[in-house]
file run.cif (mmCIF, C-alpha atoms and all ligand atoms)
data_final
loop_
_atom_site.label_atom_id
_atom_site.label_comp_id
_atom_site.auth_asym_id
_atom_site.auth_seq_id
_atom_site.Cartn_x
_atom_site.Cartn_y
_atom_site.Cartn_z
CA MET A 9 162.93 54.11 124.88
CA LYS A 10 162.22 53.93 121.20
CA THR A 11 158.66 53.60 119.90
CA ARG A 12 156.74 54.21 116.68
CA ALA A 13 154.47 57.18 116.03
CA ALA A 14 152.59 58.81 113.15
CA VAL A 15 154.23 62.20 112.75
CA CYS A 16 153.46 65.23 110.59
CA THR A 17 156.71 67.06 109.81
CA GLY A 18 155.29 70.18 108.16
CA LEU A 19 152.23 71.95 106.74
CA HIS A 20 150.40 69.66 104.26
CA GLU A 21 152.91 66.84 104.86
CA PRO A 22 151.29 63.40 105.20
CA TRP A 23 151.16 61.37 108.43
CA LYS A 24 154.22 59.15 108.32
CA VAL A 25 155.25 56.50 110.82
CA GLU A 26 158.65 57.25 112.35
CA GLU A 27 160.74 55.72 115.08
CA ILE A 28 160.83 58.26 117.89
CA GLU A 29 162.76 58.51 121.15
CA VAL A 30 160.77 58.99 124.36
CA ASP A 31 162.50 59.64 127.69
CA ALA A 32 161.58 57.98 131.00
CA PRO A 33 158.38 59.26 132.68
CA GLY A 34 158.91 62.50 134.59
CA PRO A 35 156.87 63.72 137.55
CA HIS A 36 153.19 62.79 137.30
CA GLU A 37 153.78 61.13 133.94
CA VAL A 38 152.47 57.79 132.81
CA ARG A 39 153.34 55.47 129.96
CA VAL A 40 150.38 53.81 128.24
CA GLN A 41 150.40 50.90 125.84
CA MET A 42 147.88 52.09 123.28
CA ALA A 43 144.98 49.78 122.37
CA TYR A 44 142.89 52.00 120.06
CA ALA A 45 143.12 55.56 118.75
CA GLY A 46 140.19 57.30 117.08
CA MET A 47 140.73 59.41 113.98
CA CYS A 48 139.03 62.71 114.77
CA HIS A 49 138.98 65.53 112.23
CA SER A 50 140.90 67.78 114.64
CA ASP A 51 144.19 65.99 113.87
CA GLU A 52 143.65 66.80 110.23
CA HIS A 53 143.53 70.50 111.17
CA LEU A 54 147.21 70.17 112.12
CA ARG A 55 148.16 69.13 108.60
CA THR A 56 145.92 71.60 106.80
CA GLY A 57 147.05 74.51 108.95
CA ASP A 58 143.59 75.31 110.38
CA MET A 59 145.12 74.62 113.78
CA ALA A 60 148.63 75.89 113.03
CA PRO A 61 149.04 79.07 115.05
CA PRO A 62 150.93 81.96 113.44
CA PRO A 63 154.54 82.42 114.70
CA GLU A 64 153.66 85.34 117.02
CA ILE A 65 151.13 83.15 118.86
CA ILE A 66 153.13 79.93 119.00
CA SER A 67 156.21 81.75 120.32
CA VAL A 68 154.22 82.68 123.44
CA PHE A 69 154.41 78.99 124.35
CA GLY A 70 158.18 78.96 123.92
CA VAL A 71 157.85 76.90 120.74
CA ASP A 72 159.39 77.73 117.36
CA SER A 73 157.20 75.44 115.30
CA LEU A 74 154.15 73.21 115.53
CA TYR A 75 156.07 70.62 113.52
CA PRO A 76 157.14 67.93 113.85
CA ILE A 77 154.10 66.73 115.78
CA VAL A 78 152.73 63.31 116.77
CA GLY A 79 149.04 63.12 115.83
CA GLY A 80 146.08 61.67 117.67
CA HIS A 81 144.12 62.69 120.74
CA GLU A 82 141.30 60.14 120.92
CA GLY A 83 142.34 56.87 122.47
CA ALA A 84 142.44 54.22 125.15
CA GLY A 85 145.06 51.84 126.45
CA ILE A 86 146.69 50.18 129.47
CA VAL A 87 149.13 51.84 131.86
CA SER A 88 152.55 50.19 131.52
CA GLU A 89 154.72 52.42 133.76
CA VAL A 90 154.20 55.30 136.17
CA GLY A 91 156.65 58.08 136.96
CA PRO A 92 157.45 59.72 140.29
CA GLY A 93 154.55 61.26 142.19
CA VAL A 94 151.77 59.56 140.21
CA GLU A 95 148.95 58.94 142.67
CA THR A 96 145.86 58.41 140.55
CA LEU A 97 147.00 55.53 138.34
CA ALA A 98 148.94 52.27 138.60
CA GLU A 99 150.41 49.80 136.15
CA GLY A 100 147.65 47.72 134.54
CA ASP A 101 144.94 50.38 134.85
CA HIS A 102 142.80 50.97 131.77
CA VAL A 103 142.62 54.61 130.70
CA ALA A 104 141.00 56.83 128.10
CA MET A 105 142.80 59.96 126.91
CA SER A 106 141.34 63.42 127.29
CA PHE A 107 142.49 66.24 125.02
CA ILE A 108 141.60 68.63 127.82
CA PRO A 109 143.71 67.98 130.90
CA SER A 110 142.17 68.48 134.33
CA CYS A 111 144.28 69.47 137.32
CA GLY A 112 141.36 69.38 139.76
CA ARG A 113 142.58 72.48 141.59
CA CYS A 114 142.37 75.54 139.31
CA HIS A 115 139.39 77.89 139.50
CA TRP A 116 137.65 76.12 136.61
CA CYS A 117 138.21 72.55 137.80
CA ALA A 118 137.29 73.45 141.36
CA SER A 119 134.02 74.96 140.15
CA GLY A 120 133.08 71.80 138.23
CA ARG A 121 134.20 72.99 134.81
CA GLN A 122 137.16 70.74 134.06
CA TYR A 123 136.73 71.39 130.34
CA LEU A 124 138.08 74.87 131.01
CA CYS A 125 141.08 73.75 133.11
CA ASP A 126 143.90 76.29 133.02
CA LEU A 127 146.21 73.53 131.79
CA GLY A 128 144.31 73.81 128.50
CA MET A 129 146.81 76.53 127.59
CA THR A 130 149.49 73.84 127.20
CA ILE A 131 147.71 71.76 124.57
CA LEU A 132 148.39 73.72 121.40
CA ALA A 133 152.07 72.70 121.28
CA GLY A 134 155.11 72.50 123.51
CA PRO A 135 156.94 70.40 126.08
CA MET A 136 155.50 68.26 128.88
CA MET A 137 153.09 70.17 131.12
CA SER A 138 154.70 68.55 134.19
CA ASP A 139 158.01 70.39 134.18
CA GLY A 140 158.40 72.12 130.83
CA GLN A 141 160.90 69.53 129.58
CA TRP A 142 160.82 67.91 126.16
CA ARG A 143 160.71 64.14 126.45
CA HIS A 144 159.80 63.29 122.85
CA HIS A 145 162.41 63.52 120.10
CA LEU A 146 162.61 62.79 116.38
CA ASP A 147 166.13 62.54 115.02
CA GLY A 148 167.34 64.77 117.86
CA GLN A 149 164.60 67.41 117.27
CA LYS A 150 162.00 68.42 119.86
CA LEU A 151 158.75 66.66 119.04
CA ASN A 152 155.31 68.18 119.76
CA ARG A 153 152.30 65.99 120.55
CA MET A 154 148.70 66.73 119.61
CA THR A 155 147.07 68.19 122.75
CA GLN A 156 149.80 66.86 125.08
CA LEU A 157 148.87 63.35 123.90
CA GLY A 158 149.75 62.09 120.41
CA THR A 159 147.77 58.85 120.54
CA PHE A 160 149.01 57.63 117.13
CA THR A 161 151.86 55.76 118.83
CA ASP A 162 152.47 52.30 120.20
CA SER A 163 153.55 53.67 123.58
CA LEU A 164 152.20 57.00 124.82
CA LEU A 165 153.81 59.17 127.51
CA ALA A 166 151.39 61.69 129.03
CA ASN A 167 150.64 63.50 132.26
CA GLU A 168 148.11 61.84 134.58
CA ASN A 169 146.05 65.03 134.21
CA SER A 170 145.28 63.94 130.63
CA LEU A 171 144.24 60.38 131.49
CA VAL A 172 140.87 59.16 132.72
CA LYS A 173 140.69 55.80 134.49
CA ILE A 174 138.01 53.55 133.04
CA ASP A 175 136.46 50.24 134.05
CA PRO A 176 138.75 47.41 132.85
CA GLY A 177 135.69 45.46 131.70
CA VAL A 178 134.63 48.05 129.14
CA SER A 179 135.52 48.06 125.43
CA MET A 180 138.63 50.15 124.81
CA LYS A 181 137.55 50.62 121.22
CA ALA A 182 134.36 52.31 122.40
CA ALA A 183 136.32 54.30 124.98
CA ALA A 184 138.60 55.63 122.24
CA LEU A 185 135.69 57.09 120.28
CA ILE A 186 133.93 58.39 123.34
CA SER A 187 137.10 60.09 124.60
CA CYS A 188 136.69 63.08 122.27
CA GLY A 189 134.25 63.01 119.36
CA LEU A 190 131.21 61.38 120.90
CA ALA A 191 131.59 63.17 124.23
CA THR A 192 131.99 66.53 122.51
CA GLY A 193 128.97 66.11 120.27
CA PHE A 194 126.79 64.67 123.03
CA GLY A 195 127.67 67.47 125.44
CA SER A 196 127.11 70.12 122.75
CA VAL A 197 123.40 69.19 122.73
CA VAL A 198 122.80 68.01 126.29
CA ASP A 199 125.06 70.28 128.32
CA ARG A 200 125.78 73.34 126.18
CA ALA A 201 122.41 73.69 124.45
CA ALA A 202 120.57 72.06 127.38
CA VAL A 203 118.07 70.31 125.10
CA LYS A 204 114.62 69.66 126.57
CA PRO A 205 112.26 66.78 125.79
CA GLY A 206 110.08 67.58 122.80
CA GLU A 207 112.47 70.06 121.19
CA THR A 208 113.71 70.05 117.61
CA VAL A 209 117.45 69.69 117.04
CA VAL A 210 119.42 70.18 113.82
CA VAL A 211 122.93 68.73 113.54
CA ILE A 212 125.00 70.20 110.69
CA GLY A 213 127.78 67.73 109.82
CA CYS A 214 127.34 64.05 110.67
CA GLY A 215 130.84 62.70 111.24
CA GLY A 216 132.11 61.41 114.59
CA VAL A 217 131.28 64.56 116.55
CA GLY A 218 127.92 65.01 114.82
CA SER A 219 127.09 61.37 115.68
CA GLY A 220 127.55 62.26 119.35
CA ALA A 221 125.28 65.28 118.90
CA LEU A 222 122.56 63.22 117.20
CA GLN A 223 122.59 60.75 120.09
CA GLY A 224 122.62 63.54 122.67
CA ALA A 225 119.47 64.82 120.98
CA LYS A 226 117.85 61.39 121.02
CA ILE A 227 118.71 60.58 124.63
CA GLY A 228 117.81 64.14 125.63
CA GLY A 229 114.28 63.56 124.33
CA ALA A 230 114.21 65.64 121.14
CA ARG A 231 111.02 65.20 119.09
CA TYR A 232 112.59 65.89 115.69
CA ILE A 233 116.26 65.43 114.89
CA VAL A 234 117.37 66.72 111.50
CA ALA A 235 120.72 65.43 110.21
CA VAL A 236 122.40 67.71 107.65
CA ASP A 237 125.29 66.41 105.55
CA PRO A 238 126.03 66.63 101.82
CA LEU A 239 126.97 62.93 101.83
CA PRO A 240 123.94 60.59 101.58
CA PHE A 241 125.90 57.81 103.34
CA LYS A 242 126.36 60.00 106.45
CA VAL A 243 122.68 60.96 106.49
CA GLU A 244 121.77 57.27 106.23
CA LYS A 245 124.05 56.45 109.19
CA ALA A 246 122.58 59.38 111.10
CA LYS A 247 119.10 57.92 110.68
CA GLN A 248 120.34 54.61 112.12
CA ILE A 249 121.36 56.36 115.34
CA GLY A 250 118.38 58.60 115.92
CA ALA A 251 117.89 61.23 113.21
CA THR A 252 114.23 61.49 112.24
CA HIS A 253 114.91 63.52 109.09
CA GLY A 254 117.82 64.11 106.74
CA ALA A 255 118.88 67.04 104.56
CA ALA A 256 121.77 67.53 102.14
CA SER A 257 122.28 71.21 102.99
CA ILE A 258 121.37 73.91 105.48
CA LEU A 259 119.02 75.36 102.86
CA GLU A 260 117.20 72.04 102.52
CA ALA A 261 116.84 71.88 106.32
CA ALA A 262 115.51 75.46 106.31
CA MET A 263 112.76 74.44 103.90
CA MET A 264 111.85 71.39 105.97
CA LEU A 265 111.66 72.98 109.43
CA PRO A 266 108.58 75.25 109.13
CA GLU A 267 106.32 72.28 108.47
CA LEU A 268 107.88 70.12 111.21
CA THR A 269 107.72 72.82 113.86
CA GLU A 270 104.48 74.69 113.12
CA GLY A 271 106.62 77.54 111.84
CA ARG A 272 108.74 77.89 114.96
CA MET A 273 112.02 76.43 113.55
CA ALA A 274 114.65 74.51 115.55
CA ASP A 275 115.20 74.97 119.27
CA VAL A 276 118.79 73.75 118.98
CA VAL A 277 121.25 73.89 116.07
CA ILE A 278 124.67 72.26 116.36
CA LEU A 279 127.50 73.09 113.95
CA THR A 280 129.76 70.06 113.51
CA PRO A 281 131.06 70.23 109.91
CA GLY A 282 134.71 69.22 109.38
CA VAL A 283 135.78 72.88 109.24
CA LEU A 284 133.74 75.80 110.51
CA THR A 285 133.80 78.86 108.30
CA GLY A 286 132.23 82.23 109.04
CA ASP A 287 129.72 81.95 106.20
CA LEU A 288 128.03 78.92 107.83
CA VAL A 289 127.09 80.73 111.04
CA GLY A 290 124.40 83.08 109.68
CA PRO A 291 122.51 80.32 107.82
CA ALA A 292 122.75 78.08 110.92
CA VAL A 293 121.28 80.82 113.13
CA GLN A 294 118.46 81.26 110.58
CA LEU A 295 117.44 77.67 111.30
CA ALA A 296 116.90 78.53 114.96
CA SER A 297 113.62 79.45 116.63
CA LYS A 298 112.99 82.36 118.95
CA ASP A 299 114.98 81.56 122.09
CA GLY A 300 116.94 79.05 119.97
CA ARG A 301 120.46 77.95 120.90
CA VAL A 302 123.12 77.57 118.23
CA VAL A 303 126.33 75.83 119.24
CA ALA A 304 129.59 76.26 117.31
CA THR A 305 131.39 73.00 118.06
CA ALA A 306 133.50 72.55 114.92
CA ILE A 307 136.93 74.12 114.72
CA ALA A 308 137.47 77.08 112.43
CA PRO A 309 140.80 78.10 110.88
CA ILE A 310 142.68 79.62 113.81
CA THR A 311 142.81 83.13 112.34
CA GLN A 312 139.17 83.19 111.14
CA GLU A 313 137.56 86.35 112.53
CA GLU A 314 134.66 87.16 110.24
CA VAL A 315 131.12 85.89 110.60
CA THR A 316 128.07 86.83 108.57
CA LEU A 317 125.18 87.18 110.97
CA ASN A 318 122.02 89.24 111.26
CA LEU A 319 122.56 90.85 114.67
CA PHE A 320 119.12 92.48 114.69
CA ASN A 321 117.43 89.10 114.53
CA LEU A 322 119.84 87.58 117.07
CA ALA A 323 118.73 90.13 119.66
CA MET A 324 115.04 90.41 118.75
CA PHE A 325 114.56 86.63 118.58
CA ASN A 326 116.35 86.25 121.93
CA GLN A 327 118.74 83.71 120.44
CA ALA A 328 122.02 82.38 121.84
CA LEU A 329 125.14 81.68 119.80
CA LEU A 330 127.45 79.52 121.93
CA GLY A 331 130.92 78.05 121.66
CA THR A 332 131.90 74.79 123.28
CA VAL A 333 135.04 72.89 124.14
CA PHE A 334 134.63 69.16 124.86
CA GLY A 335 130.85 69.69 124.80
CA SER A 336 131.15 71.75 127.99
CA CYS A 337 131.55 68.57 130.08
CA SER A 338 134.13 67.40 132.55
CA PRO A 339 136.04 64.49 130.98
CA ARG A 340 136.33 62.56 134.25
CA VAL A 341 132.53 62.62 134.53
CA GLN A 342 131.46 62.37 130.92
CA ILE A 343 133.74 59.64 129.57
CA PRO A 344 132.71 57.07 132.25
CA ASN A 345 129.11 58.27 131.98
CA LEU A 346 128.93 57.66 128.22
CA LEU A 347 130.67 54.31 128.64
CA ARG A 348 127.90 53.29 131.04
CA LEU A 349 125.30 54.34 128.45
CA TYR A 350 127.19 52.32 125.84
CA GLN A 351 127.24 49.26 128.11
CA ALA A 352 123.52 49.67 128.73
CA GLY A 353 122.92 49.59 124.97
CA LEU A 354 121.69 53.18 124.90
CA LEU A 355 124.64 54.77 123.08
CA GLU A 356 125.68 53.46 119.67
CA VAL A 357 129.42 53.40 119.08
CA ASP A 358 130.21 50.24 117.14
CA LYS A 359 128.14 51.17 114.06
CA LEU A 360 130.11 54.41 113.75
CA ILE A 361 133.43 52.61 113.31
CA THR A 362 133.52 52.19 109.58
CA GLN A 363 137.13 51.01 109.24
CA GLU A 364 140.07 49.80 111.35
CA TYR A 365 143.63 50.72 110.40
CA THR A 366 147.13 49.85 111.55
CA LEU A 367 149.44 52.63 112.74
CA ASP A 368 151.16 52.54 109.34
CA GLN A 369 147.82 53.32 107.69
CA VAL A 370 146.97 56.57 109.51
CA GLN A 371 147.31 58.63 106.33
CA ASN A 372 145.10 56.14 104.44
CA GLY A 373 142.51 56.66 107.20
CA TYR A 374 142.54 60.43 106.72
CA ASP A 375 142.38 59.98 102.94
CA ASP A 376 139.28 57.85 103.50
CA LEU A 377 137.79 60.53 105.79
CA ALA A 378 138.38 63.14 103.09
CA ALA A 379 136.82 60.83 100.49
CA GLY A 380 133.70 60.68 102.67
CA VAL A 381 133.73 56.94 103.31
CA ASN A 382 134.33 57.02 107.09
CA VAL A 383 132.14 58.07 109.94
CA ARG A 384 135.02 57.19 112.25
CA GLY A 385 138.18 55.24 111.51
CA VAL A 386 140.18 53.74 114.39
CA VAL A 387 143.78 52.70 114.67
CA LYS A 388 144.09 49.28 116.29
CA PHE A 389 147.36 48.55 118.07
CA ASP A 390 148.90 45.17 118.85
CA ILE A 391 148.40 44.84 122.57
N1 LIG B 1 134.86 71.95 120.16
C1 LIG B 1 135.56 70.87 120.46
O1 LIG B 1 135.95 70.67 121.61
C2 LIG B 1 135.85 69.86 119.39
C3 LIG B 1 136.22 68.55 119.76
C4 LIG B 1 136.40 67.61 118.74
C5 LIG B 1 136.26 67.95 117.42
N2 LIG B 1 135.94 69.23 117.11
C6 LIG B 1 135.74 69.64 115.71
O2 LIG B 1 134.45 69.21 115.29
C7 LIG B 1 134.42 69.15 113.86
C8 LIG B 1 133.82 67.83 113.42
O3 LIG B 1 134.74 66.78 113.69
P1 LIG B 1 134.51 65.32 113.10
O4 LIG B 1 135.67 64.49 113.56
O5 LIG B 1 133.14 64.87 113.34
O6 LIG B 1 134.69 65.60 111.50
P2 LIG B 1 134.29 64.66 110.28
O7 LIG B 1 135.15 65.07 109.15
O8 LIG B 1 134.28 63.24 110.72
O9 LIG B 1 132.76 65.05 109.98
C9 LIG B 1 132.39 66.25 109.42
C10 LIG B 1 131.14 66.04 108.58
O10 LIG B 1 130.68 67.31 108.14
C11 LIG B 1 130.19 67.18 106.83
N3 LIG B 1 130.15 68.50 106.24
C12 LIG B 1 131.17 69.21 105.67
N4 LIG B 1 130.73 70.41 105.27
C13 LIG B 1 129.41 70.49 105.61
C14 LIG B 1 128.40 71.49 105.45
N5 LIG B 1 128.67 72.66 104.89
N6 LIG B 1 127.16 71.20 105.90
C15 LIG B 1 126.88 70.02 106.48
N7 LIG B 1 127.80 69.04 106.65
C16 LIG B 1 129.05 69.28 106.22
C17 LIG B 1 131.12 66.17 106.18
O11 LIG B 1 130.53 65.55 105.05
C18 LIG B 1 131.36 65.20 107.34
O12 LIG B 1 130.43 64.14 107.32
C19 LIG B 1 135.87 69.36 113.42
O13 LIG B 1 136.06 70.72 113.09
C20 LIG B 1 136.66 69.02 114.67
O14 LIG B 1 137.95 69.59 114.68
C21 LIG B 1 135.71 70.18 118.06
ZN ZN B 2 138.74 65.21 118.66
ZN ZN B 3 142.30 72.70 136.35
#
call {"tool": "encode", "arguments": {"input": "run.cif", "output": "structure tokens"}}
result
Amino acid sequence: MKTRAAVCTGLHEPWKVEEIEVDAPGPHEVRVQMAYAGMCHSDEHLRTGDMAPPPEIISVFGVDSLYPIVGGHEGAGIVSEVGPGVETLAEGDHVAMSFIPSCGRCHWCASGRQYLCDLGMTILAGPMMSDGQWRHHLDGQKLNRMTQLGTFTDSLLANENSLVKIDPGVSMKAAALISCGLATGFGSVVDRAAVKPGETVVVIGCGGVGSGALQGAKIGGARYIVAVDPLPFKVEKAKQIGATHGAASILEAAMMLPELTEGRMADVVILTPGVLTGDLVGPAVQLASKDGRVVATAIAPITQEEVTLNLFNLAMFNQALLGTVFGSCSPRVQIPNLLRLYQAGLLEVDKLITQEYTLDQVQNGYDDLAAGVNVRGVVKFDI
């Protein structure tokens, strides 16, 4: 079938809506009529090259190029067709997309860590995970999809491993935002840093993912929550969803913490700027207390290898510097869980959606994100 999708055709090329050809669902594949797609910063990393692997890495996946690629990995929609062997979903089911697939059977899934599913190795680029065939084409060329998804499309074809069934009564707009950004930020604080009631949490970068972290801190019982962002509008939004204090820079937060914490500094520091660079890590760790946990959630340029960090202090202060993917949560547990919190009025999602776009306006949405006017933009589809 033919459908429309926002495609990036090369490094620094804009998102442009193209008519693409998508084959019939293969084994364990499902077609979804998209309802909403969230505009996470990770898709922007495809265009800027932060997430464009060098040729020697991408060739390992049997792929010559990351481009052309359909963008989008946050989203929710309604199943319109199922392929052979699909057992977990049926036409009409409501689903959220998960950028981390979960097979349920590998070592990591079986031990309760679906966020580390071995199928994660397929998400950088390449053909369908089901059978290694390409089913997406642009003008006869093989077409990659962001994390085996590519939610910036009217009709998505994905493996059932990447889809999470959700309650049909729940807002698909909220599900779209929860499906990556909010879940990742929330889990960074609650699951990865294991925040305890009464602790002090600093969130560096208050976009969509940072907004999840701020709310993880609030629901996790943090006493002080310091929102750090150079944009006053983001700090203001952060205060509306739980931040007790705001700062325009890491340095400003560093000056604020001694007084708040009787000199102990922050128990938890979460790094969620748009791009993580090595020079941010040392200052972030300096915000942390003895026994403090610092979580690197944001994505760094793929070849970034240098970090400035005082290793003496890291050891002597008994600190932990942690990475996280999907907030170290299992998507099939966390997405429904956060939707229940949303329905109970405990998790704010609607206030974070600063603008709705059509599929044709995806590039405008990313221009607005770069201009600092969006916490989260969403693409709304005609459904
Ligand atoms: N680890 C994961 O599994 C995972 C999942 C989703 C997203 N991410 C990554 O998380 C990061 C955040 O994503 P997002 O969609 O929230 O991005 P975003 O662009 O919406 O928000 C980033 C915010 O950081 C602020 N910022 C930039 N530089 C800063 C600095 N030096 N100090 C403080 N604030 C700064 C910006 O003003 C902006 O408000 C991205 O790198 C994204 O790719 C990681
Ligand atoms: Zn994302
Ligand atoms: Zn698995």
call {"tool": "closest_atom_pairs", "arguments": {"input": "run.cif", "of": "chain A", "to": "ligand ZN 2 (chain B)", "cutoff": "7 Å", "atoms": "all atoms listed in the file", "output": "JSON lines"}}
result
{"residue": "A:Cys48", "atom": "CA", "partner": "B:ZN2", "partner_atom": "ZN", "distance": 4.6}
{"residue": "A:His49", "atom": "CA", "partner": "B:ZN2", "partner_atom": "ZN", "distance": 6.4}
{"residue": "A:Ser50", "atom": "CA", "partner": "B:ZN2", "partner_atom": "ZN", "distance": 5.2}
{"residue": "A:His81", "atom": "CA", "partner": "B:ZN2", "partner_atom": "ZN", "distance": 6.3}
{"residue": "A:Glu82", "atom": "CA", "partner": "B:ZN2", "partner_atom": "ZN", "distance": 6.1}
{"residue": "A:Cys188", "atom": "CA", "partner": "B:ZN2", "partner_atom": "ZN", "distance": 4.7}
{"residue": "A:Gly189", "atom": "CA", "partner": "B:ZN2", "partner_atom": "ZN", "distance": 5.0}
call {"tool": "closest_residue", "arguments": {"input": "run.cif", "among": "A:Val370, A:Met324, A:Phe69, A:Thr208", "to": "Glu267 in chain A", "atoms": "all atoms listed in the file"}}
result
A:Thr208
call {"tool": "residues_around", "arguments": {"input": "run.cif", "residues": "Thr269 in chain A", "least_positions_apart": "3", "cutoff": "10 Å", "atoms": "only C-alpha atoms", "output": "list of chain:residue names"}}
result
A:Glu207, A:Thr208, A:Arg231, A:Tyr232, A:Met264, A:Leu265, A:Pro266, A:Arg272, A:Met273, A:Ala274, A:Asp275, A:Ser297
call {"tool": "residues_around", "arguments": {"input": "run.cif", "residues": "Tyr350 in chain A", "least_positions_apart": "4", "cutoff": "12 Å", "atoms": "only C-alpha atoms", "output": "VMD selection string"}}
result
chain A and resid 178 to 183 185 to 186 190 to 191 220 223 227 343 to 346 354 to 359
call {"tool": "atom_distance", "arguments": {"input": "run.cif", "atom1": "atom C16 of ligand LIG 1 (chain B)", "atom2": "CA of Ser338 in chain A"}}
result
26.9 Å
call {"tool": "closest_residue", "arguments": {"input": "run.cif", "among": "A:Leu74, A:Leu165, A:Ala201, A:Ile66", "to": "His53 in chain A", "atoms": "all atoms listed in the file"}}
result
A:Leu74
call {"tool": "closest_residue", "arguments": {"input": "run.cif", "among": "A:Gly286, A:Pro291, A:Gly120, A:Gly218", "to": "Glu314 in chain A", "atoms": "all atoms listed in the file"}}
result
A:Gly286
call {"tool": "closest_residue", "arguments": {"input": "run.cif", "among": "A:Pro238, A:Gly290, A:Gly250, A:Pro62", "to": "ligand LIG 1 (chain B)", "atoms": "only C-alpha atoms and all ligand atoms"}}
result
A:Pro238
call {"tool": "residues_near_ligand", "arguments": {"input": "run.cif", "ligand": "ligand ZN 3 (chain B)", "cutoff": "9 Å", "atoms": "only C-alpha atoms and all ligand atoms", "output": "list in words"}}
result
Pro109, Ser110, Cys111, Gly112, Arg113, Cys114, His115, Trp116, Cys117, Ala118, Arg121, Gln122, Tyr123, Leu124, Cys125, Asp126, Leu127, Gly128 and Asn169 of chain A
call {"tool": "residues_near_ligand", "arguments": {"input": "run.cif", "ligand": "ligand LIG 1 (chain B)", "cutoff": "7 Å", "atoms": "all atoms listed in the file", "output": "PyMOL selection string"}}
result
chain A and resi 48-50+53+188-189+192+212-218+236-239+242+257-258+280-284+288+305-308+332-335+377+380+383-384
call {"tool": "atom_distance", "arguments": {"input": "run.cif", "atom1": "CA of Gln294 in chain A", "atom2": "CA of Ala256 in chain A"}}
result
16.5 Å
call {"tool": "atom_distance", "arguments": {"input": "run.cif", "atom1": "CA of Thr17 in chain A", "atom2": "CA of Met47 in chain A"}}
result
18.2 Å
call {"tool": "closest_residue", "arguments": {"input": "run.cif", "among": "A:Asp72, A:Asp147, A:Asp375, A:Asp299", "to": "Asn326 in chain A", "atoms": "only C-alpha atoms"}}
result
A:Asp299
call {"tool": "closest_residue", "arguments": {"input": "run.cif", "among": "A:Met263, A:Val38, A:Leu146, A:Ala13", "to": "Ser170 in chain A", "atoms": "all atoms listed in the file"}}
result
A:Val38
